[in-house]
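Enquirer: Structure provided below as structure tokens; questions to follow.
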Amino acid sequence: MRPGVLHAPDAPGIIAVVAAALVLLVCPPVLAATPQQIQDTIDRTKQYIYSQQQNGTWEKSPRDPENRANLSSGGQWGGTTALAVYALLASGENPQDPRLKPAIEFLMQEKMVGVYALGVRCQVWYFLPQSPQIKALMAQDAQFLLNMINGPDTKIVGGIGQYGYVPGTSSYSHSRSQYAVLGIWAAAQTGVPIPIQYWKFVEQSWLNNQDPSGGWSYMHPQVTTQPVTPGMTAAGVASLYIMQDYLYANRGLDCRPSAPVPSDLAIEAGMKWLADNMDKIASNQRFYQRRDFPIVTLYGIERIGVASGRKYIGSVDWFSKGADWLVTQQNRNGSFPADYAGWIPALPSSCFALLFLARGGAPILMNKLEYANEGQPDAVWNHRRRDLANVARWVSLQSEKEYNWQIVQMESPEADWHDAPILYIAGNEALKLPDEHKQKLKNFVEQGGLILAMADCNSRPFTESFRKLLEELFPDYQLRVLPEDHLIYTSRFQRSRWRSKPQVMGLSNGVRELALIVASGDPARDWQTGTIKGRESSWELAANIHQYAVVGAGRHYRGFSSWVHKDDAIKPTQTITLARVQTAGNWNPEPGGWQRLAAQLHNRYAVELVSRVVKLDQPLTDVKVAHLTGTDDLSLTAQEQAHLKKFVEDGGTLVIDAAGGQGAFASAAEKILAEMFPQKKLETIDENDALYKTGDESQTAIAWRFYTRHARGSALHGPHLQGIRIDDRWGVIYSREDLSSGLVGNETDGIAGYTPATATRLMTQILFHATNIQAKGITPVVQPIKKRKAK
């Protein structure tokens, strides 16, 4: 979570640069924007911003020192270029891009004195490689901003601890002040020392200036006639979140309950005001004279959403609402309309739209679970309030890719849990969860998720209760200490180099880790305080765990989910009945895979997949397809082999895959097939076989998991399915590589097999081929976005 920009414009002119008012985001119901539509909007916005560049910068007029302090040609000179460069860097553009290099050089050379311009330029420094020169420039700008603050002798009500446009002006606004705070925040995150007194001074100022309603207006309520607005309220809440990172990082370190601090109550009141006023956000309707700035406000809302980890403000999904509205507001040339009365011209308006979509839409690193023990209303889940916020920020810097974090409740929709591949559960007391909550945890894991449990303060009661919970939910698997060569210790950062080595235990289904618990080392303490030097292992462990969960493909946007939910509005037209063969071994490691495939077939082909578990003590009847998988040594009696053989010879199709690509199962399965069909051999199914032409799935390219590609290199191309022919058909279809875990949908590391998309394609084709079903995919209806003609 890198620092962001929030603001509301003060007056005509500077708004053309970087001033803005934060107005919250809610609009009349519109069709949800698809991820592709959002990405297309981002791409067009970038193209527009580049098209406005002149002579290497985005300044539209020469500098005039005599001009007004709020104008881009006067006191805020350089701010337009800083905002454009910041928006482009934050959306993933390379600072070495030939188009950006002259603008960055301009920013490095130009003397700036305006609070908006300096606050935004600090964001640019934050996104650049931290060379000695960039560090010196950041420190210089930070000191300038520190010196600009209105001191205790400021006479104007509410002005103490606030900022004017330029040095030497005691007039202030919350709009100007939040930019100074954001600039200082960016500097602090790059290591510039900021006196603790500064954070205390500024915190008290924002507390003093809060309106009794819970929101904030343009200035202290006693000296302004301007109303409380979503924009200024977002500025107040976001600024207080920043203060908390530096003033209260030690809260919860001893795992004892702590009394709320004043800023807790102020944030809560501000969030309530926003929740109550969401009808005023991202709307084309105007609510405030000269104070409606809906586009630039959205980025302020994004700052709150990211800082708090909340997906919803009140009952509104802030990012979905904002994105849905923004994609309808873009002009055909890629720009966004100037904000109300032209105070924010198209270029700055477009930069703020880009910042909202690119940063607000960043994927979720982990979800943190908000839970309550039975009979215990006090919150024990959140002693370390900023642990995941700081982890997400650190991983973003290391990955050069933005990540957010999120809080989910036990009562949250199942889909919200799948916004992230990892569910983080922290605490220092024994878990006492009702049965329905336990079942929801089990469902999440079986649907491809990974639970990461953190024993705050190395709590043994929490660790033991989590162990018992896993025993109850997954009695067939055992928790064990991870070996030193596990991918979670080696995938990115090497455990062998760690000075301190947290102990991690894992529960595996033989294919992937279902749950992890960090039982010693207390990394969350370091995450909370931001302590990195000498404690690198705490942070590198978090990065390794995330990489393990999403290696290779990763997640590209907020709200991405590999899980598929059945669309009940679609009525099935055909049915496939599948026999899932139960054996003595680990025959069902990924039960969620078949649930997901069933939903996929239902939604895409209107085909109902009915699975039933069968044992081989009786012949298989009334089914055309049977599936056999496992992770360990496979053993079948002579009778069981006979029943399978008869099923195949009578016209059935037996599908076998080694879940996880486990060699023990594969070798045993090949031996059993040789015993069942001594006159036949497994043969490679040619990539031009009719099997691979079935349905619309043939349009999906064959792809292999990162782990498999890394291990086998160039030896991989096309599908590697094998089969045994019975007359003129494939009676047995066999995959030594994983299909079963691929059906679950997640890109977990350590699995030898196909990507989830390819596994889903192959199994769909196998089912259709075996049952002679001719199914044509249902084309989803996507409402086209009509672009406006720029005025």
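Within each chain, counting starts at residue 1; across the structure tokens, chains are named A, B, ... in the order shown, with ligands numbered 1 upward in that order.
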Need to verify the contact set: A:Trp216, 7 Å, only C-alpha atoms, exclusion of same-chain residues closer than 2 positions in sequence. Can you return it as a list in words?
Expert: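 The residues that qualify are Gln210, Asp211, Gly214, Tyr218, Val228, Thr229, Met232, Thr233 and Gly236 of chain A.
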Enquirer: Within 12 Å of A:Glu436, counting only C-alpha atoms, which residues qualify if same-chain residues fewer than 4 places away don't, as a PyMOL selection string?
Expert: chain A and resi 374+410-411+432+440-443+473
Enquirer: Those selected residues, please, written with N, CA, C and O atoms and delivered as a PDB file, in the first residue's frame.
Expert:
```pdb
ATOM      1  N   GLU A 374     -17.346 -17.993  20.893  1.00  0.00           N
ATOM      2  CA  GLU A 374     -18.640 -18.136  21.550  1.00  0.00           C
ATOM      3  C   GLU A 374     -18.546 -17.654  22.990  1.00  0.00           C
ATOM      4  O   GLU A 374     -17.638 -18.037  23.733  1.00  0.00           O
ATOM      5  N   MET A 410     -17.094 -13.446   9.501  1.00  0.00           N
ATOM      6  CA  MET A 410     -17.639 -14.795   9.402  1.00  0.00           C
ATOM      7  C   MET A 410     -18.946 -14.799   8.610  1.00  0.00           C
ATOM      8  O   MET A 410     -19.250 -15.751   7.901  1.00  0.00           O
ATOM      9  N   GLU A 411     -19.693 -13.702   8.728  1.00  0.00           N
ATOM     10  CA  GLU A 411     -20.987 -13.619   8.057  1.00  0.00           C
ATOM     11  C   GLU A 411     -20.869 -13.094   6.626  1.00  0.00           C
ATOM     12  O   GLU A 411     -21.884 -12.993   5.921  1.00  0.00           O
ATOM     13  N   LYS A 432     -13.071 -20.782  19.849  1.00  0.00           N
ATOM     14  CA  LYS A 432     -14.327 -21.419  20.254  1.00  0.00           C
ATOM     15  C   LYS A 432     -15.385 -20.983  19.247  1.00  0.00           C
ATOM     16  O   LYS A 432     -16.122 -20.025  19.461  1.00  0.00           O
ATOM     17  N   LYS A 440     -17.878 -23.332   7.427  1.00  0.00           N
ATOM     18  CA  LYS A 440     -17.510 -22.339   6.422  1.00  0.00           C
ATOM     19  C   LYS A 440     -16.006 -22.334   6.180  1.00  0.00           C
ATOM     20  O   LYS A 440     -15.547 -22.181   5.049  1.00  0.00           O
ATOM     21  N   LEU A 441     -15.225 -22.532   7.247  1.00  0.00           N
ATOM     22  CA  LEU A 441     -13.775 -22.636   7.095  1.00  0.00           C
ATOM     23  C   LEU A 441     -13.417 -23.856   6.250  1.00  0.00           C
ATOM     24  O   LEU A 441     -12.548 -23.792   5.372  1.00  0.00           O
ATOM     25  N   LYS A 442     -14.086 -24.973   6.517  1.00  0.00           N
ATOM     26  CA  LYS A 442     -13.811 -26.185   5.743  1.00  0.00           C
ATOM     27  C   LYS A 442     -14.164 -25.981   4.277  1.00  0.00           C
ATOM     28  O   LYS A 442     -13.408 -26.389   3.377  1.00  0.00           O
ATOM     29  N   ASN A 443     -15.297 -25.354   4.019  1.00  0.00           N
ATOM     30  CA  ASN A 443     -15.696 -25.102   2.632  1.00  0.00           C
ATOM     31  C   ASN A 443     -14.657 -24.261   1.910  1.00  0.00           C
ATOM     32  O   ASN A 443     -14.321 -24.534   0.749  1.00  0.00           O
ATOM     33  N   LEU A 473     -11.995 -30.926  11.459  1.00  0.00           N
ATOM     34  CA  LEU A 473     -12.451 -30.645  10.100  1.00  0.00           C
ATOM     35  C   LEU A 473     -11.852 -31.606   9.077  1.00  0.00           C
ATOM     36  O   LEU A 473     -12.518 -31.957   8.093  1.00  0.00           O
TER      37      LEU A 473
END
```
Enquirer: Distance table requested - stretch 696-777 of chain A against stretch 563-572 of chain A, cut-off 12 Å, only C-alpha atoms: one row per qualifying residue with the closest atom pair and its distance in Å to one decimal, ordered by chain and rising residue number, as a Markdown table.
Expert:
```
| residue | atom | partner | partner_atom | distance |
| --- | --- | --- | --- | --- |
| A:Gly742 | CA | A:Trp563 | CA | 11.6 |
| A:Leu743 | CA | A:Trp563 | CA | 9.7 |
| A:Val744 | CA | A:Trp563 | CA | 7.3 |
| A:Gly745 | CA | A:Trp563 | CA | 6.5 |
| A:Asn746 | CA | A:Trp563 | CA | 8.3 |
| A:Glu747 | CA | A:Trp563 | CA | 11.9 |
| A:Pro756 | CA | A:Trp563 | CA | 10.9 |
| A:Ala757 | CA | A:Trp563 | CA | 11.9 |
| A:Thr760 | CA | A:Val564 | CA | 11.8 |
| A:Ala775 | CA | A:Pro572 | CA | 11.2 |
```
Enquirer: Pull N, CA and C atoms from the residues just selected and write them as an mmCIF file, in the first residue's frame.
Expert:
```
data_model
loop_
_atom_site.group_PDB
_atom_site.id
_atom_site.type_symbol
_atom_site.label_atom_id
_atom_site.label_comp_id
_atom_site.auth_asym_id
_atom_site.auth_seq_id
_atom_site.Cartn_x
_atom_site.Cartn_y
_atom_site.Cartn_z
ATOM 1 N N GLY A 742 -6.256 -29.162 -10.297
ATOM 2 C CA GLY A 742 -6.503 -28.105 -11.258
ATOM 3 C C GLY A 742 -7.970 -27.730 -11.341
ATOM 4 N N LEU A 743 -8.859 -28.707 -11.113
ATOM 5 C CA LEU A 743 -10.287 -28.416 -11.159
ATOM 6 C C LEU A 743 -10.713 -27.457 -10.065
ATOM 7 N N VAL A 744 -9.943 -27.388 -8.979
ATOM 8 C CA VAL A 744 -10.270 -26.478 -7.883
ATOM 9 C C VAL A 744 -10.049 -25.027 -8.296
ATOM 10 N N GLY A 745 -9.054 -24.781 -9.147
ATOM 11 C CA GLY A 745 -8.912 -23.458 -9.729
ATOM 12 C C GLY A 745 -7.746 -22.620 -9.269
ATOM 13 N N ASN A 746 -7.083 -22.959 -8.172
ATOM 14 C CA ASN A 746 -5.998 -22.112 -7.669
ATOM 15 C C ASN A 746 -4.648 -22.546 -8.212
ATOM 16 N N GLU A 747 -3.756 -21.563 -8.360
ATOM 17 C CA GLU A 747 -2.413 -21.806 -8.910
ATOM 18 C C GLU A 747 -1.413 -22.104 -7.794
ATOM 19 N N PRO A 756 -5.022 -24.592 -13.935
ATOM 20 C CA PRO A 756 -6.450 -24.827 -13.700
ATOM 21 C C PRO A 756 -7.304 -24.691 -14.958
ATOM 22 N N ALA A 757 -7.013 -23.705 -15.807
ATOM 23 C CA ALA A 757 -7.813 -23.531 -17.023
ATOM 24 C C ALA A 757 -7.689 -24.743 -17.935
ATOM 25 N N THR A 760 -9.393 -27.867 -16.394
ATOM 26 C CA THR A 760 -10.840 -27.745 -16.567
ATOM 27 C C THR A 760 -11.227 -28.054 -18.010
ATOM 28 N N ALA A 775 -22.250 -30.040 -26.800
ATOM 29 C CA ALA A 775 -22.678 -28.861 -26.052
ATOM 30 C C ALA A 775 -21.991 -27.622 -26.588
#
```
Enquirer: Report, in Å to a single decimal, how far apart atom CA of A:Glu513 and atom CA of A:Arg705 are.
Expert: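 These atoms are spaced 16.6 Å apart.
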Enquirer: Run DSSP on the backbone and grab whatever in stretch 495-535 of chain A lands in alpha helix (DSSP H); send it over as an MDAnalysis selection string.
Expert: chainID A and resid 523:529
Enquirer: I want to know what sits within 12 Å of A:Ala524, based on only C-alpha atoms, with residues of the same chain fewer than 6 positions away left out; could you give that as an MDAnalysis selection string?
Expert: chainID A and resid 249:250 252:255 382:391 424:428 452:458 502 518 530:532 535 537:539 541:542
Enquirer: Please dump the current selection as an mmCIF file, in the first residue's frame; keep C-alpha atoms.
Expert:
```
data_model
loop_
_atom_site.group_PDB
_atom_site.id
_atom_site.type_symbol
_atom_site.label_atom_id
_atom_site.label_comp_id
_atom_site.auth_asym_id
_atom_site.auth_seq_id
_atom_site.Cartn_x
_atom_site.Cartn_y
_atom_site.Cartn_z
ATOM 1 C CA ALA A 249 2.070 0.875 16.329
ATOM 2 C CA ASN A 250 2.806 -0.658 19.743
ATOM 3 C CA GLY A 252 -1.600 -4.953 20.936
ATOM 4 C CA LEU A 253 1.993 -6.091 21.062
ATOM 5 C CA ASP A 254 1.389 -7.713 24.462
ATOM 6 C CA CYS A 255 -1.958 -9.165 23.279
ATOM 7 C CA ASN A 382 -7.240 -7.908 15.791
ATOM 8 C CA HIS A 383 -4.661 -7.205 18.487
ATOM 9 C CA ARG A 384 -2.227 -6.265 15.705
ATOM 10 C CA ARG A 385 -4.432 -3.903 13.712
ATOM 11 C CA ARG A 386 -1.908 -2.958 11.059
ATOM 12 C CA ASP A 387 -0.199 -6.314 10.543
ATOM 13 C CA LEU A 388 -1.600 -7.150 7.107
ATOM 14 C CA ALA A 389 -1.647 -3.520 5.973
ATOM 15 C CA ASN A 390 2.103 -3.363 6.497
ATOM 16 C CA VAL A 391 2.699 -6.789 4.960
ATOM 17 C CA TYR A 424 -5.484 -15.052 7.775
ATOM 18 C CA ILE A 425 -6.668 -15.921 11.296
ATOM 19 C CA ALA A 426 -4.849 -14.322 14.221
ATOM 20 C CA GLY A 427 -5.405 -14.527 17.954
ATOM 21 C CA ASN A 428 -3.944 -15.329 21.328
ATOM 22 C CA LEU A 452 -2.819 -19.051 7.622
ATOM 23 C CA ALA A 453 -3.149 -19.024 11.413
ATOM 24 C CA MET A 454 -0.985 -16.714 13.508
ATOM 25 C CA ALA A 455 -0.472 -17.392 17.207
ATOM 26 C CA ASP A 456 -0.110 -13.834 18.477
ATOM 27 C CA CYS A 457 2.391 -13.608 21.333
ATOM 28 C CA ASN A 458 3.279 -17.270 20.576
ATOM 29 C CA PRO A 502 9.720 -18.952 12.712
ATOM 30 C CA VAL A 518 2.945 -20.031 12.707
ATOM 31 C CA GLY A 530 7.099 -2.315 10.807
ATOM 32 C CA THR A 531 10.359 -3.709 12.192
ATOM 33 C CA ILE A 532 12.349 -5.053 9.254
ATOM 34 C CA ARG A 535 13.698 -9.385 11.373
ATOM 35 C CA SER A 537 12.466 -13.509 8.095
ATOM 36 C CA SER A 538 9.055 -12.344 9.319
ATOM 37 C CA TRP A 539 8.417 -10.453 6.105
ATOM 38 C CA LEU A 541 7.931 -15.715 5.252
ATOM 39 C CA ALA A 542 4.762 -13.775 4.390
#
```
Enquirer: Measuring between only C-alpha atoms, which one of A:Gly79, A:Gly723, A:Pro195, A:Pro421 shows the shortest distance to A:Leu118?
Expert: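 Of all the options, A:Gly79 lies closest to A:Leu118.
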Enquirer: Would you please work out which residue, of A:Ile295, A:Leu682, A:Ile733, A:Ala715, is nearest to A:Val648 when using only C-alpha atoms?
Expert: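 Closest to A:Val648 of all the choices is A:Ile733.
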Enquirer: Tell me which protein, DNA and RNA residues are within 12 Å of A:Glu105, counting only C-alpha atoms, leaving out same-chain ones fewer than 2 positions away, and put them as an mmCIF file with C-alpha atoms, in the first residue's frame.
Expert:
```
data_model
loop_
_atom_site.group_PDB
_atom_site.id
_atom_site.type_symbol
_atom_site.label_atom_id
_atom_site.label_comp_id
_atom_site.auth_asym_id
_atom_site.auth_seq_id
_atom_site.Cartn_x
_atom_site.Cartn_y
_atom_site.Cartn_z
ATOM 1 C CA GLY A 56 8.430 16.288 -21.963
ATOM 2 C CA THR A 57 6.122 17.659 -19.237
ATOM 3 C CA GLY A 78 5.097 21.532 -11.468
ATOM 4 C CA THR A 81 3.492 16.994 -14.246
ATOM 5 C CA ALA A 82 3.915 15.425 -10.814
ATOM 6 C CA VAL A 85 3.834 10.958 -13.605
ATOM 7 C CA PRO A 95 10.067 4.942 -14.976
ATOM 8 C CA GLN A 96 12.576 4.146 -17.720
ATOM 9 C CA PRO A 98 11.301 7.321 -22.802
ATOM 10 C CA ARG A 99 8.117 9.317 -22.371
ATOM 11 C CA LEU A 100 8.486 9.477 -18.590
ATOM 12 C CA LYS A 101 12.226 10.106 -18.335
ATOM 13 C CA PRO A 102 12.129 13.800 -19.369
ATOM 14 C CA ALA A 103 9.213 14.451 -17.020
ATOM 15 C CA LEU A 107 10.673 17.083 -11.462
ATOM 16 C CA MET A 108 14.184 16.403 -10.181
ATOM 17 C CA GLN A 109 15.440 19.800 -11.314
ATOM 18 C CA GLU A 110 12.495 22.095 -10.707
ATOM 19 C CA VAL A 124 6.725 10.178 -7.498
ATOM 20 C CA TRP A 125 9.906 9.827 -5.414
ATOM 21 C CA LEU A 128 11.240 5.495 -8.172
ATOM 22 C CA GLN A 133 19.806 11.209 -5.341
ATOM 23 C CA ILE A 134 16.134 10.269 -5.023
ATOM 24 C CA LEU A 137 15.247 14.797 -3.009
#
```
Enquirer: In Å, rounded to a single decimal, give me how far atom CA of A:Gln503 is from atom CA of A:Glu536.
Expert: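 Between these atoms lies a distance of 14.6 Å.
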Enquirer: Between A:Leu516, A:Ala606, A:Ala669, A:Leu597, which one has atoms that come closest to A:Ile773, using only C-alpha atoms?
Expert: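 Among the listed residues, A:Ala606 lies closest to A:Ile773.
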Enquirer: Please identify all polymer residues within 10 Å of A:Gly215, counting only C-alpha atoms, omitting same-chain residues fewer than 5 positions from it, and present them as a ChimeraX atom specification.
Expert: /A:209-210,227-237,266-267,269-274
Enquirer: Give me the residues within 9 Å of stretch 200-206 of chain A as a PDB file with C-alpha atoms, in the first residue's frame, counting only C-alpha atoms and dropping any in the same chain fewer than 3 places off.
Expert:
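Result saved to around_7.pdb:
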```pdb
ATOM      1  CA  GLY A 158      -8.602  25.435  13.227  1.00  0.00           C
ATOM      2  CA  GLY A 159      -5.405  26.527  11.496  1.00  0.00           C
ATOM      3  CA  ILE A 160      -2.911  25.066  13.974  1.00  0.00           C
ATOM      4  CA  GLY A 161      -1.356  21.945  12.481  1.00  0.00           C
ATOM      5  CA  GLN A 162      -2.808  22.665   9.027  1.00  0.00           C
ATOM      6  CA  HIS A 174      -8.239  20.424   4.889  1.00  0.00           C
ATOM      7  CA  VAL A 181       0.387  14.699   5.215  1.00  0.00           C
ATOM      8  CA  ILE A 196       6.936  11.875  16.486  1.00  0.00           C
ATOM      9  CA  GLN A 197       5.817  15.344  17.532  1.00  0.00           C
ATOM     10  CA  ASN A 209     -11.533  20.240  13.241  1.00  0.00           C
ATOM     11  CA  GLN A 210     -13.991  17.351  13.010  1.00  0.00           C
ATOM     12  CA  TRP A 216     -15.222  17.165   7.956  1.00  0.00           C
ATOM     13  CA  GLY A 236      -9.950  13.428   7.589  1.00  0.00           C
ATOM     14  CA  VAL A 237     -10.390   9.685   7.988  1.00  0.00           C
ATOM     15  CA  SER A 239      -5.172  11.311   7.496  1.00  0.00           C
ATOM     16  CA  LEU A 240      -6.013   9.818  10.886  1.00  0.00           C
ATOM     17  CA  MET A 243      -1.291   9.035  12.154  1.00  0.00           C
ATOM     18  CA  GLN A 244      -2.193   5.720  13.739  1.00  0.00           C
ATOM     19  CA  LEU A 247       1.587   6.889  16.931  1.00  0.00           C
ATOM     20  CA  SER A 263      -8.517   8.884  16.685  1.00  0.00           C
TER      21      SER A 263
END
```
Enquirer: With only C-alpha atoms as the atoms that count, which of A:Ala659, A:Met366, A:Cys351, A:Ile301 lies nearest to A:Asp632?
Expert: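 Result for the nearest residue to A:Asp632: A:Ala659.
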Enquirer: Rank A:Ile407, A:Ala353, A:Ile364, A:Ala584 by their smallest atom-to-atom distance to A:Tyr312, using only C-alpha atoms, and report the top residue only.
Expert: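 The closest residue to A:Tyr312 is A:Ile407.
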Enquirer: Counting only C-alpha atoms, which of A:Asn150, A:Phe768, A:Leu479, A:Lys646 gets nearest to A:Thr575?
Expert: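 For A:Thr575, the nearest of the given residues is A:Phe768.
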